[in-house]
file my_file_1.cif (mmCIF, C-alpha atoms)
data_entry
#
loop_
_atom_site.label_atom_id
_atom_site.label_comp_id
_atom_site.auth_asym_id
_atom_site.auth_seq_id
_atom_site.Cartn_x
_atom_site.Cartn_y
_atom_site.Cartn_z
CA MET A 1346 97.46 -56.55 -41.84
CA ASN A 1347 93.96 -57.72 -40.96
CA ALA A 1348 91.69 -56.53 -38.16
CA GLY A 1349 90.02 -58.88 -35.72
CA ALA A 1350 87.10 -59.09 -33.32
CA PHE A 1351 87.61 -61.01 -30.07
CA TYR A 1352 84.51 -62.05 -28.13
CA ASP A 1353 84.19 -63.24 -24.57
CA MET A 1354 81.42 -65.86 -24.37
CA ASP A 1355 79.63 -66.15 -21.02
CA GLY A 1356 77.57 -63.06 -20.28
CA THR A 1357 78.65 -61.45 -23.55
CA LEU A 1358 77.35 -63.65 -26.36
CA VAL A 1359 75.28 -66.02 -24.21
CA SER A 1360 73.54 -65.62 -20.85
CA THR A 1361 75.33 -68.58 -19.27
CA ASN A 1362 78.50 -69.21 -17.27
CA LEU A 1363 81.09 -71.90 -16.65
CA VAL A 1364 79.18 -73.36 -13.72
CA HIS A 1365 76.12 -73.94 -15.94
CA SER A 1366 78.31 -75.91 -18.34
CA PHE A 1367 79.95 -77.92 -15.58
CA LEU A 1368 76.66 -78.88 -13.95
CA PHE A 1369 75.13 -79.88 -17.28
CA VAL A 1370 78.01 -82.24 -17.98
CA ALA A 1371 77.90 -83.60 -14.44
CA ARG A 1372 74.17 -84.33 -14.67
CA ASN A 1373 74.53 -86.07 -18.00
CA GLU A 1374 77.35 -88.49 -17.31
CA PRO A 1375 76.40 -91.89 -18.81
CA TRP A 1376 76.84 -93.56 -15.43
CA LEU A 1377 74.16 -91.85 -13.34
CA PRO A 1378 75.65 -92.43 -9.87
CA ASP A 1379 78.91 -90.77 -10.91
CA GLY A 1380 76.98 -87.88 -12.43
CA LEU A 1381 74.96 -87.39 -9.27
CA LEU A 1382 78.07 -87.42 -7.13
CA LYS A 1383 79.77 -84.83 -9.33
CA THR A 1384 76.67 -82.62 -9.34
CA ALA A 1385 76.39 -82.78 -5.57
CA SER A 1386 80.08 -82.01 -5.24
CA ALA A 1387 79.79 -79.01 -7.56
CA LEU A 1388 76.75 -77.63 -5.75
CA ALA A 1389 78.52 -78.01 -2.41
CA LYS A 1390 81.49 -76.06 -3.72
CA LEU A 1391 79.56 -73.14 -5.23
CA PRO A 1392 80.28 -70.73 -2.34
CA ALA A 1393 83.96 -71.65 -2.61
CA PHE A 1394 83.86 -71.14 -6.36
CA ALA A 1395 82.42 -67.65 -5.89
CA TRP A 1396 85.15 -66.73 -3.41
CA VAL A 1397 87.95 -68.10 -5.60
CA ASP A 1398 86.54 -66.36 -8.69
CA ARG A 1399 86.79 -62.99 -6.97
CA LYS A 1400 90.42 -63.69 -6.09
CA SER A 1401 91.66 -65.37 -9.27
CA ARG A 1402 89.71 -66.26 -12.41
CA MET A 1403 92.54 -68.60 -13.43
CA ARG A 1404 92.37 -70.53 -10.16
CA PHE A 1405 88.58 -70.62 -10.47
CA ASN A 1406 88.84 -72.32 -13.85
CA GLU A 1407 91.34 -74.86 -12.58
CA MET A 1408 89.21 -75.63 -9.52
CA LEU A 1409 86.06 -76.05 -11.61
CA PHE A 1410 87.54 -78.27 -14.29
CA ALA A 1411 89.17 -80.53 -11.72
CA GLY A 1412 85.65 -81.96 -11.43
CA PHE A 1413 86.06 -83.57 -14.86
CA GLU A 1414 88.72 -85.95 -13.54
CA GLY A 1415 87.98 -89.49 -14.67
CA ALA A 1416 85.59 -88.50 -17.47
CA TYR A 1417 86.02 -90.24 -20.82
CA ARG A 1418 86.77 -88.03 -23.83
CA ASP A 1419 84.21 -89.81 -26.04
CA ASN A 1420 81.47 -89.32 -23.45
CA LEU A 1421 82.30 -85.63 -23.10
CA LEU A 1422 82.13 -85.11 -26.87
CA GLU A 1423 78.72 -86.76 -26.93
CA ILE A 1424 77.44 -84.63 -24.05
CA ALA A 1425 78.78 -81.49 -25.76
CA ARG A 1426 76.14 -81.80 -28.50
CA ASP A 1427 73.30 -81.75 -25.98
CA HIS A 1428 75.03 -78.98 -24.02
CA PHE A 1429 74.91 -76.75 -27.07
CA GLU A 1430 71.28 -77.50 -27.87
CA LYS A 1431 70.00 -77.17 -24.30
CA VAL A 1432 72.36 -74.65 -22.66
CA LEU A 1433 74.09 -72.44 -25.22
CA HIS A 1434 71.79 -72.23 -28.23
CA PRO A 1435 68.64 -71.06 -26.39
CA ASN A 1436 70.67 -68.49 -24.47
CA ILE A 1437 72.42 -66.69 -27.34
CA TYR A 1438 71.63 -63.00 -27.11
CA PRO A 1439 69.88 -61.80 -30.31
CA GLY A 1440 72.04 -58.68 -30.15
CA ALA A 1441 75.13 -60.88 -30.13
CA ARG A 1442 74.11 -62.45 -33.42
CA ASP A 1443 73.71 -58.98 -34.93
CA LEU A 1444 77.12 -57.93 -33.59
CA VAL A 1445 78.84 -60.95 -35.15
CA ASP A 1446 76.99 -60.39 -38.42
CA ARG A 1447 78.26 -56.81 -38.56
CA GLY A 1448 81.80 -57.98 -37.94
CA ARG A 1449 81.48 -60.50 -40.73
CA ALA A 1450 80.23 -57.83 -43.11
CA ARG A 1451 83.31 -55.74 -42.29
CA GLY A 1452 85.64 -58.62 -43.05
CA LEU A 1453 86.96 -58.98 -39.49
CA ARG A 1454 88.61 -62.20 -38.37
CA GLN A 1455 86.27 -63.21 -35.55
CA VAL A 1456 87.51 -65.21 -32.58
CA LEU A 1457 85.81 -66.51 -29.45
CA VAL A 1458 87.98 -66.03 -26.33
CA THR A 1459 86.66 -67.97 -23.37
CA GLY A 1460 87.69 -69.85 -20.27
CA ASN A 1461 85.26 -72.60 -21.22
CA LEU A 1462 86.43 -75.85 -22.80
CA ASP A 1463 87.12 -76.43 -26.48
CA PHE A 1464 84.69 -79.30 -27.01
CA LEU A 1465 81.85 -77.39 -25.31
CA VAL A 1466 82.27 -74.16 -27.31
CA ALA A 1467 83.00 -75.65 -30.76
CA PRO A 1468 79.29 -75.91 -31.71
CA LEU A 1469 78.76 -72.23 -30.81
CA VAL A 1470 81.71 -71.19 -32.98
CA GLN A 1471 80.14 -73.06 -35.87
CA GLU A 1472 76.64 -71.68 -35.19
CA LEU A 1473 77.79 -68.05 -35.17
CA GLY A 1474 80.18 -68.50 -38.09
CA LEU A 1475 83.27 -67.42 -36.16
CA HIS A 1476 86.71 -68.18 -37.53
CA ASP A 1477 88.33 -69.62 -34.45
CA ALA A 1478 88.31 -70.05 -30.68
CA ILE A 1479 90.88 -69.39 -27.99
CA CYS A 1480 89.77 -71.56 -25.08
CA ASN A 1481 90.82 -74.02 -22.42
CA ARG A 1482 91.57 -77.68 -23.07
CA LEU A 1483 91.44 -80.59 -20.67
CA GLU A 1484 94.44 -82.88 -20.31
CA PHE A 1485 93.65 -86.48 -21.25
CA ARG A 1486 95.61 -89.68 -20.70
CA ASP A 1487 94.45 -92.74 -22.62
CA GLY A 1488 91.21 -90.93 -23.38
CA ILE A 1489 90.46 -90.14 -19.73
CA ALA A 1490 90.50 -86.62 -18.26
CA THR A 1491 93.10 -86.02 -15.56
CA GLY A 1492 91.25 -83.02 -14.14
CA ARG A 1493 94.04 -80.68 -15.20
CA VAL A 1494 93.89 -77.91 -17.79
CA VAL A 1495 96.49 -77.74 -20.55
CA ARG A 1496 98.71 -74.69 -20.06
CA PRO A 1497 98.43 -71.82 -20.55
CA VAL A 1498 95.11 -71.39 -18.76
CA ILE A 1499 92.84 -68.99 -20.65
CA ALA A 1500 91.57 -66.58 -18.00
CA GLY A 1501 92.09 -62.98 -16.87
CA ALA A 1502 95.41 -61.63 -18.12
CA GLY A 1503 95.97 -64.98 -19.84
CA LYS A 1504 93.27 -64.02 -22.34
CA ALA A 1505 95.19 -60.88 -23.27
CA ARG A 1506 98.43 -62.81 -23.80
CA ALA A 1507 96.62 -65.41 -25.90
CA ILE A 1508 95.08 -62.69 -28.08
CA GLN A 1509 98.49 -61.08 -28.63
CA GLU A 1510 99.99 -64.43 -29.66
CA TYR A 1511 97.05 -65.17 -31.94
CA ALA A 1512 97.37 -61.74 -33.55
CA ARG A 1513 101.06 -62.33 -34.29
CA ASP A 1514 100.33 -65.73 -35.80
CA HIS A 1515 97.49 -64.46 -38.01
CA ASP A 1516 98.88 -61.05 -39.02
CA ILE A 1517 96.21 -59.11 -37.12
CA ASP A 1518 96.62 -55.44 -36.26
CA LEU A 1519 95.42 -55.15 -32.67
CA LEU A 1520 95.17 -51.36 -32.83
CA GLU A 1521 92.50 -51.78 -35.52
CA SER A 1522 90.82 -54.70 -33.75
CA HIS A 1523 87.79 -54.99 -31.47
CA ALA A 1524 87.20 -56.85 -28.21
CA PHE A 1525 83.98 -57.39 -26.28
CA SER A 1526 83.32 -58.59 -22.73
CA ASP A 1527 80.94 -58.24 -19.79
CA SER A 1528 83.39 -58.80 -16.94
CA TYR A 1529 85.92 -56.61 -15.17
CA SER A 1530 88.20 -59.65 -15.03
CA ASP A 1531 88.56 -59.25 -18.81
CA LEU A 1532 89.94 -55.72 -18.57
CA PRO A 1533 93.38 -56.94 -19.81
CA MET A 1534 91.72 -58.51 -22.86
CA LEU A 1535 89.85 -55.31 -23.65
CA SER A 1536 92.96 -53.20 -23.17
CA VAL A 1537 95.12 -54.94 -25.78
CA VAL A 1538 92.96 -53.81 -28.70
CA GLY A 1539 92.39 -50.36 -30.10
CA ARG A 1540 88.60 -50.64 -30.20
CA PRO A 1541 87.23 -52.22 -27.02
CA ALA A 1542 83.54 -52.25 -26.09
CA VAL A 1543 81.66 -53.71 -23.14
CA ILE A 1544 78.45 -55.74 -23.31
CA ASN A 1545 76.15 -56.31 -20.32
CA PRO A 1546 78.95 -55.06 -18.06
CA ASP A 1547 79.25 -55.77 -14.35
CA ARG A 1548 79.38 -52.74 -12.09
CA ARG A 1549 83.16 -52.34 -12.03
CA LEU A 1550 83.53 -52.74 -15.78
CA LYS A 1551 80.68 -50.33 -16.48
CA ARG A 1552 82.32 -47.70 -14.32
CA THR A 1553 85.72 -48.24 -15.96
CA ALA A 1554 84.22 -48.16 -19.45
CA GLY A 1555 82.52 -44.87 -18.64
CA GLU A 1556 85.79 -43.37 -17.44
CA LEU A 1557 87.62 -44.55 -20.57
CA GLN A 1558 84.74 -43.61 -22.88
CA TRP A 1559 84.39 -47.12 -24.26
CA PRO A 1560 81.07 -48.05 -25.92
CA ILE A 1561 78.62 -49.76 -23.56
CA LEU A 1562 76.02 -52.16 -24.98
CA ASP A 1563 73.28 -54.06 -23.15
CA TYR A 1564 71.71 -57.13 -24.77
CA ARG A 1565 69.83 -58.31 -21.67
CA ALA A 1566 66.62 -56.34 -22.34
#
call {"tool": "encode", "arguments": {"input": "my_file_1.cif", "output": "structure tokens"}}
result
Amino acid sequence: MNAGAFYDMDGTLVSTNLVHSFLFVARNEPWLPDGLLKTASALAKLPAFAWVDRKSRMRFNEMLFAGFEGAYRDNLLEIARDHFEKVLHPNIYPGARDLVDRGRARGLRQVLVTGNLDFLVAPLVQELGLHDAICNRLEFRDGIATGRVVRPVIAGAGKARAIQEYARDHDIDLLESHAFSDSYSDLPMLSVVGRPAVINPDRRLKRTAGELQWPILDYRA
């Protein structure tokens, strides 16, 4: 069996989050009035987003991506290129590149595991030379986003289940595999592998990692 390395994205490999991605897309809609309306709507909801995120990361993702309702697939794919160049690429942690390079040298199958959307993260997967991505996908009808996320939603415990399924499909030994995240909400994801580590951890995850004697890395300096 092979060993893998599973990476959270936001806060772990890059210093961004889902809201940054959403607002970038909203601001860059081809029809400016629609983009402005979506941006204003997102900004107005930010306190609600924060509250929902504390309660349920899955519900947070669903609530956020509902803002894509009515967007055209072709437009989103075009915006995704600029999103990578202006949002993701300049915010990749140098330490994250080194971490991925070490995993590549060890022959690990490297997989991004993120609640972000497939078309937005694909350029990052290519840039870092990862093998694959486990991520969310928007539902489209006739090329137009419905505002719903294709099940299962990749968030919280859903990340752990998705990793287990991926490991079965790709003959990966999870006990010999690695996982990396910055967020306590990803504790299930970290717990399904034999070699977890935390990167730029929030307070709760840092405390838990210390108790469990997991490696703690900080790429923010």
call {"tool": "resolve_selection", "arguments": {"input": "my_file_1.cif", "expression": "the PyMOL selection byres ((chain A and resi 1464-1481) around 7)", "output": "JSON, numbers by chain"}}
result
{"A": [1422, 1425, 1429, 1442, 1454, 1455, 1456, 1457, 1458, 1459, 1460, 1461, 1462, 1463, 1482, 1483, 1494, 1498, 1499]}
call {"tool": "resolve_selection", "arguments": {"input": "my_file_1.cif", "expression": "the PyMOL selection byres ((chain A and resi 1441) around 8)", "output": "VMD selection string"}}
result
chain A and resid 1357 to 1359 1437 to 1440 1442 to 1445 1564
call {"tool": "resolve_selection", "arguments": {"input": "my_file_1.cif", "expression": "the PyMOL selection byres ((chain A and resi 1533-1545) around 6)", "output": "list in words"}}
result
Thr1357, Ala1502, Lys1504, Ala1505, Leu1519, Leu1520, Glu1521, Ser1522, His1523, Ala1524, Phe1525, Ser1526, Asp1527, Asp1531, Leu1532, Pro1546, Trp1559, Pro1560, Ile1561, Leu1562 and Asp1563 of chain A
call {"tool": "atom_distance", "arguments": {"input": "my_file_1.cif", "atom1": "atom CA of Ser1366 of chain A", "atom2": "atom CA of Lys1431 of chain A"}}
result
10.3 Å
call {"tool": "closest_residue", "arguments": {"input": "my_file_1.cif", "among": "A:Tyr1529, A:Ala1512, A:Met1403, A:Phe1413", "to": "Gly1356 of chain A", "atoms": "all atoms listed in the file"}}
result
A:Tyr1529
call {"tool": "atom_distance", "arguments": {"input": "my_file_1.cif", "atom1": "atom CA of Glu1484 of chain A", "atom2": "atom CA of Phe1367 of chain A"}}
result
16.0 Å
call {"tool": "axis_aligned_box", "arguments": {"input": "my_file_1.cif", "around": "segment 1425-1437 of chain A", "padding_each_side": "8 Å", "output": "AutoDock Vina command-line options"}}
result
--center_x 73.7 --center_y -74.2 --center_z -25.6 --size_x 26.1 --size_y 31.1 --size_z 21.8
call {"tool": "atom_distance", "arguments": {"input": "my_file_1.cif", "atom1": "atom CA of Asp1353 of chain A", "atom2": "atom CA of Arg1372 of chain A"}}
result
25.4 Å
call {"tool": "closest_residue", "arguments": {"input": "my_file_1.cif", "among": "A:Ala1490, A:Ala1500, A:Ala1554, A:Met1354", "to": "Arg1418 of chain A", "atoms": "only C-alpha atoms"}}
result
A:Ala1490
call {"tool": "closest_residue", "arguments": {"input": "my_file_1.cif", "among": "A:Asn1347, A:Ser1360, A:Ala1411, A:Asn1406", "to": "Arg1493 of chain A", "atoms": "all atoms listed in the file"}}
result
A:Ala1411
call {"tool": "closest_residue", "arguments": {"input": "my_file_1.cif", "among": "A:Asp1427, A:Glu1510, A:Asp1518, A:Asp1419", "to": "Phe1369 of chain A", "atoms": "all atoms listed in the file"}}
result
A:Asp1427
